[in-house]
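Enquirer: Structure supplied as structure_32.txt; contents: compact mmCIF, C-alpha atoms.
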# COMPACT_ATOMS: atom_id res chain seq x y z
CA MET A 274 41.97 -30.99 -39.07
CA LYS A 275 43.19 -31.43 -35.53
CA PHE A 276 39.94 -30.86 -33.57
CA PRO A 277 37.03 -32.61 -35.30
CA GLY A 278 35.11 -32.84 -31.99
CA ALA A 279 35.34 -29.08 -31.50
CA ALA A 280 33.81 -28.46 -34.92
CA LEU A 281 30.86 -30.70 -34.03
CA ILE A 282 30.30 -28.89 -30.74
CA VAL A 283 30.42 -25.46 -32.38
CA SER A 284 28.02 -26.55 -35.13
CA GLY A 285 25.68 -27.92 -32.46
CA PHE A 286 25.59 -24.51 -30.72
CA LEU A 287 24.96 -22.77 -34.03
CA LEU A 288 22.03 -25.05 -34.83
CA ALA A 289 20.62 -24.63 -31.32
CA GLY A 290 20.59 -20.87 -31.85
CA CYS A 291 18.22 -21.34 -34.82
CA SER A 292 15.56 -23.13 -32.79
CA THR A 293 12.46 -21.27 -31.62
CA ALA A 294 11.59 -20.77 -28.00
CA PRO A 295 8.36 -22.23 -26.65
CA LYS A 296 5.38 -19.88 -26.53
CA PRO A 297 5.21 -18.21 -23.11
CA ASP A 298 2.19 -18.83 -20.92
CA GLU A 299 -0.44 -16.13 -20.78
CA ALA A 300 -0.25 -13.72 -17.86
CA PRO A 301 -2.66 -14.50 -15.03
CA ARG A 302 -5.76 -12.36 -14.66
CA PRO A 303 -5.39 -9.54 -12.14
CA PRO A 304 -7.41 -10.02 -8.94
CA ASP A 305 -10.83 -8.44 -8.67
CA VAL A 306 -10.59 -5.34 -6.52
CA LYS A 307 -13.61 -3.76 -4.91
CA PRO A 308 -13.76 0.02 -5.18
CA VAL A 309 -13.17 1.76 -1.86
CA PRO A 310 -15.49 4.62 -0.89
CA GLU A 311 -13.73 7.99 -0.90
CA ASP A 312 -14.35 8.52 2.83
CA ALA A 313 -14.11 4.91 4.02
CA CYS A 314 -12.71 5.93 7.42
CA GLY A 315 -15.12 8.78 8.19
CA ALA A 316 -12.50 11.56 8.10
CA GLN A 317 -14.94 14.01 6.49
CA THR A 318 -17.48 13.31 9.23
CA VAL A 319 -15.07 14.32 12.02
CA GLY A 320 -12.90 16.78 10.07
CA SER A 321 -14.49 19.75 11.87
CA LEU A 322 -12.63 18.68 15.04
CA VAL A 323 -9.28 19.93 13.69
CA GLY A 324 -8.01 22.48 16.20
CA GLU A 325 -9.53 20.71 19.22
CA THR A 326 -7.36 19.17 21.94
CA LEU A 327 -7.47 15.37 21.76
CA THR A 328 -8.65 13.83 25.02
CA ASP A 329 -9.76 10.28 25.74
CA GLU A 330 -13.38 11.44 25.64
CA LEU A 331 -12.93 13.20 22.31
CA GLN A 332 -11.15 10.15 20.88
CA ALA A 333 -14.12 7.97 21.91
CA ARG A 334 -16.51 10.46 20.28
CA ILE A 335 -14.44 10.43 17.08
CA ALA A 336 -14.46 6.62 17.04
CA ASP A 337 -18.24 6.59 17.45
CA ARG A 338 -18.95 9.27 14.82
CA SER A 339 -16.44 8.13 12.19
CA ARG A 340 -17.16 4.39 12.40
CA ALA A 341 -13.52 3.82 11.36
CA ALA A 342 -12.25 0.25 11.55
CA GLU A 343 -9.05 1.50 13.19
CA ILE A 344 -7.85 4.81 14.64
CA ARG A 345 -4.19 5.81 14.71
CA ILE A 346 -2.97 8.80 16.70
CA MET A 347 0.08 10.27 14.97
CA GLU A 348 2.31 12.26 17.30
CA PRO A 349 5.29 14.36 16.18
CA GLY A 350 8.68 12.67 16.25
CA LYS A 351 7.35 9.11 16.19
CA ALA A 352 7.74 6.56 13.39
CA TYR A 353 4.74 5.09 11.59
CA THR A 354 4.25 2.59 8.80
CA MET A 355 3.65 4.03 5.35
CA ASP A 356 1.08 1.43 4.30
CA HIS A 357 -2.21 2.95 3.19
CA ARG A 358 -5.36 1.52 4.73
CA SER A 359 -8.43 3.35 3.52
CA GLU A 360 -10.52 2.18 6.50
CA ARG A 361 -7.99 3.55 9.06
CA LEU A 362 -8.50 7.04 10.52
CA ASN A 363 -5.27 8.97 11.14
CA ILE A 364 -5.47 11.73 13.71
CA LYS A 365 -2.38 13.92 13.61
CA VAL A 366 -1.66 15.92 16.75
CA ASP A 367 1.00 18.41 17.83
CA ASP A 368 3.05 18.41 21.05
CA GLN A 369 0.08 19.80 23.01
CA ARG A 370 -2.22 17.07 21.56
CA MET A 371 -4.09 19.61 19.43
CA ILE A 372 -5.52 17.93 16.33
CA THR A 373 -3.74 19.28 13.25
CA ASP A 374 -5.16 16.93 10.60
CA ILE A 375 -7.58 14.04 10.20
CA THR A 376 -7.18 11.76 7.19
CA CYS A 377 -7.84 8.26 5.94
CA GLY A 378 -4.86 6.01 5.51
Mind converting the file's structure to structure tokens?

Expert:
Amino acid sequence: MKFPGAALIVSGFLLAGCSTAPKPDEAPRPPDVKPVPEDACGAQTVGSLVGETLTDELQARIADRSRAAEIRIMEPGKAYTMDHRSERLNIKVDDQRMITDITCG
């Protein structure tokens, strides 16, 4: 036999393939998540204002009535993040600043 070292190496790989892998660790527990109220931003409270023209005074009234942690005015043609924040009130307006939709997110 010309390559006795090669035979030892190959047999070593074959024996290594027969060994068992260590037991994997258990998956960590998922974090505790508090349930979010359905209308956390107050959209239902101010939803009747759809169709009104958004002015600074109306925006202040919406902020007071909704008690939303944050208000975002969404105008056509502008870019916005897609992250969902249940406590944020989104007020969608058209080109004439008429309110077309009020949602949480």

Enquirer: May I have the protein, DNA and RNA residues with an atom at most 12 Å from (-6.1, 12.0, 23.2), counting all atoms listed in the file in the file's coordinates, returned as a list in words?

Expert: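 Every polymer residue passing the test: Glu325, Thr326, Leu327, Thr328, Asp329, Glu330, Leu331, Gln332, Ala333, Arg334, Ile335, Ala336, Ile344, Arg345, Ile346, Met347, Glu348, Ile364, Lys365, Val366, Asp367, Asp368, Gln369, Arg370, Met371 and Ile372 of chain A.
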
Enquirer: Print the selection's residues with C-alpha atoms to a file, as a short mmCIF file (atom, residue, chain, number, x, y, z; two decimals), in the frame of the given file.

Expert:
data_model
loop_
_atom_site.label_atom_id
_atom_site.label_comp_id
_atom_site.auth_asym_id
_atom_site.auth_seq_id
_atom_site.Cartn_x
_atom_site.Cartn_y
_atom_site.Cartn_z
CA GLU A 325 -9.53 20.71 19.22
CA THR A 326 -7.36 19.17 21.94
CA LEU A 327 -7.47 15.37 21.76
CA THR A 328 -8.65 13.83 25.02
CA ASP A 329 -9.76 10.28 25.74
CA GLU A 330 -13.38 11.44 25.64
CA LEU A 331 -12.93 13.20 22.31
CA GLN A 332 -11.15 10.15 20.88
CA ALA A 333 -14.12 7.97 21.91
CA ARG A 334 -16.51 10.46 20.28
CA ILE A 335 -14.44 10.43 17.08
CA ALA A 336 -14.46 6.62 17.04
CA ILE A 344 -7.85 4.81 14.64
CA ARG A 345 -4.19 5.81 14.71
CA ILE A 346 -2.97 8.80 16.70
CA MET A 347 0.08 10.27 14.97
CA GLU A 348 2.31 12.26 17.30
CA ILE A 364 -5.47 11.73 13.71
CA LYS A 365 -2.38 13.92 13.61
CA VAL A 366 -1.66 15.92 16.75
CA ASP A 367 1.00 18.41 17.83
CA ASP A 368 3.05 18.41 21.05
CA GLN A 369 0.08 19.80 23.01
CA ARG A 370 -2.22 17.07 21.56
CA MET A 371 -4.09 19.61 19.43
CA ILE A 372 -5.52 17.93 16.33
#

Enquirer: Provide the atom CA of A:Gly378 to atom CA of A:Arg302 distance in Å, to one decimal place.

Expert: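 Atom CA of A:Arg302 lies 27.3 Å from atom CA of A:Gly378.
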
Enquirer: For A:Ser359, work out the shell of residues within 7 Å, counting all atoms listed in the file and skipping chain neighbours fewer than 4 positions away, then give it as a count of residues only.

Expert: 4

Enquirer: Which is closer to A:Gly315 than all the others in A:Pro349, A:Arg340, A:Ala300, A:Pro295, using only C-alpha atoms?

Expert: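 So, comparing all the options, the nearest one is A:Arg340.
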
Enquirer: Which residue gives the smallest distance to A:Thr318 among A:Pro297, A:Ala341, A:Thr373, A:Asp305, with all atoms listed in the file counted?

Expert: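 Selected residue with least distance to A:Thr318: A:Ala341.
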
Enquirer: Please compute the atom CA of A:Thr354-atom CA of A:Pro308 distance, one decimal, in Å.

Expert: 22.9 Å

Enquirer: Using all atoms listed in the file, determine which residues lie at most 8 Å from A:Glu343, disregarding the query and same-chain residues fewer than 6 positions distant; provide the list as a list in words.

Expert: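 Returned residues: Glu360, Arg361 and Leu362 of chain A.
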
Enquirer: Between A:Pro301, A:Val306, A:Asn363, A:Arg358, single out the one closest to A:Thr376, counting all atoms listed in the file.

Expert: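 Of all the options, A:Asn363 lies closest to A:Thr376.
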
Enquirer: Could you give me, as a ChimeraX atom specification, the residues within 7 Å of A:Val319, counting all atoms listed in the file and dropping anything in the same chain fewer than 2 positions from it?

Expert: /A:315-317,321-322,335,338-339

Enquirer: Take the selection from the previous step and output its residues with C-alpha atoms, as a PDB file, in the coordinates of the input.

Expert:
ATOM      1  CA  GLY A 315     -15.120   8.780   8.190  1.00  0.00           C
ATOM      2  CA  ALA A 316     -12.500  11.560   8.100  1.00  0.00           C
ATOM      3  CA  GLN A 317     -14.940  14.010   6.490  1.00  0.00           C
ATOM      4  CA  SER A 321     -14.490  19.750  11.870  1.00  0.00           C
ATOM      5  CA  LEU A 322     -12.630  18.680  15.040  1.00  0.00           C
ATOM      6  CA  ILE A 335     -14.440  10.430  17.080  1.00  0.00           C
ATOM      7  CA  ARG A 338     -18.950   9.270  14.820  1.00  0.00           C
ATOM      8  CA  SER A 339     -16.440   8.130  12.190  1.00  0.00           C
TER       9      SER A 339
END
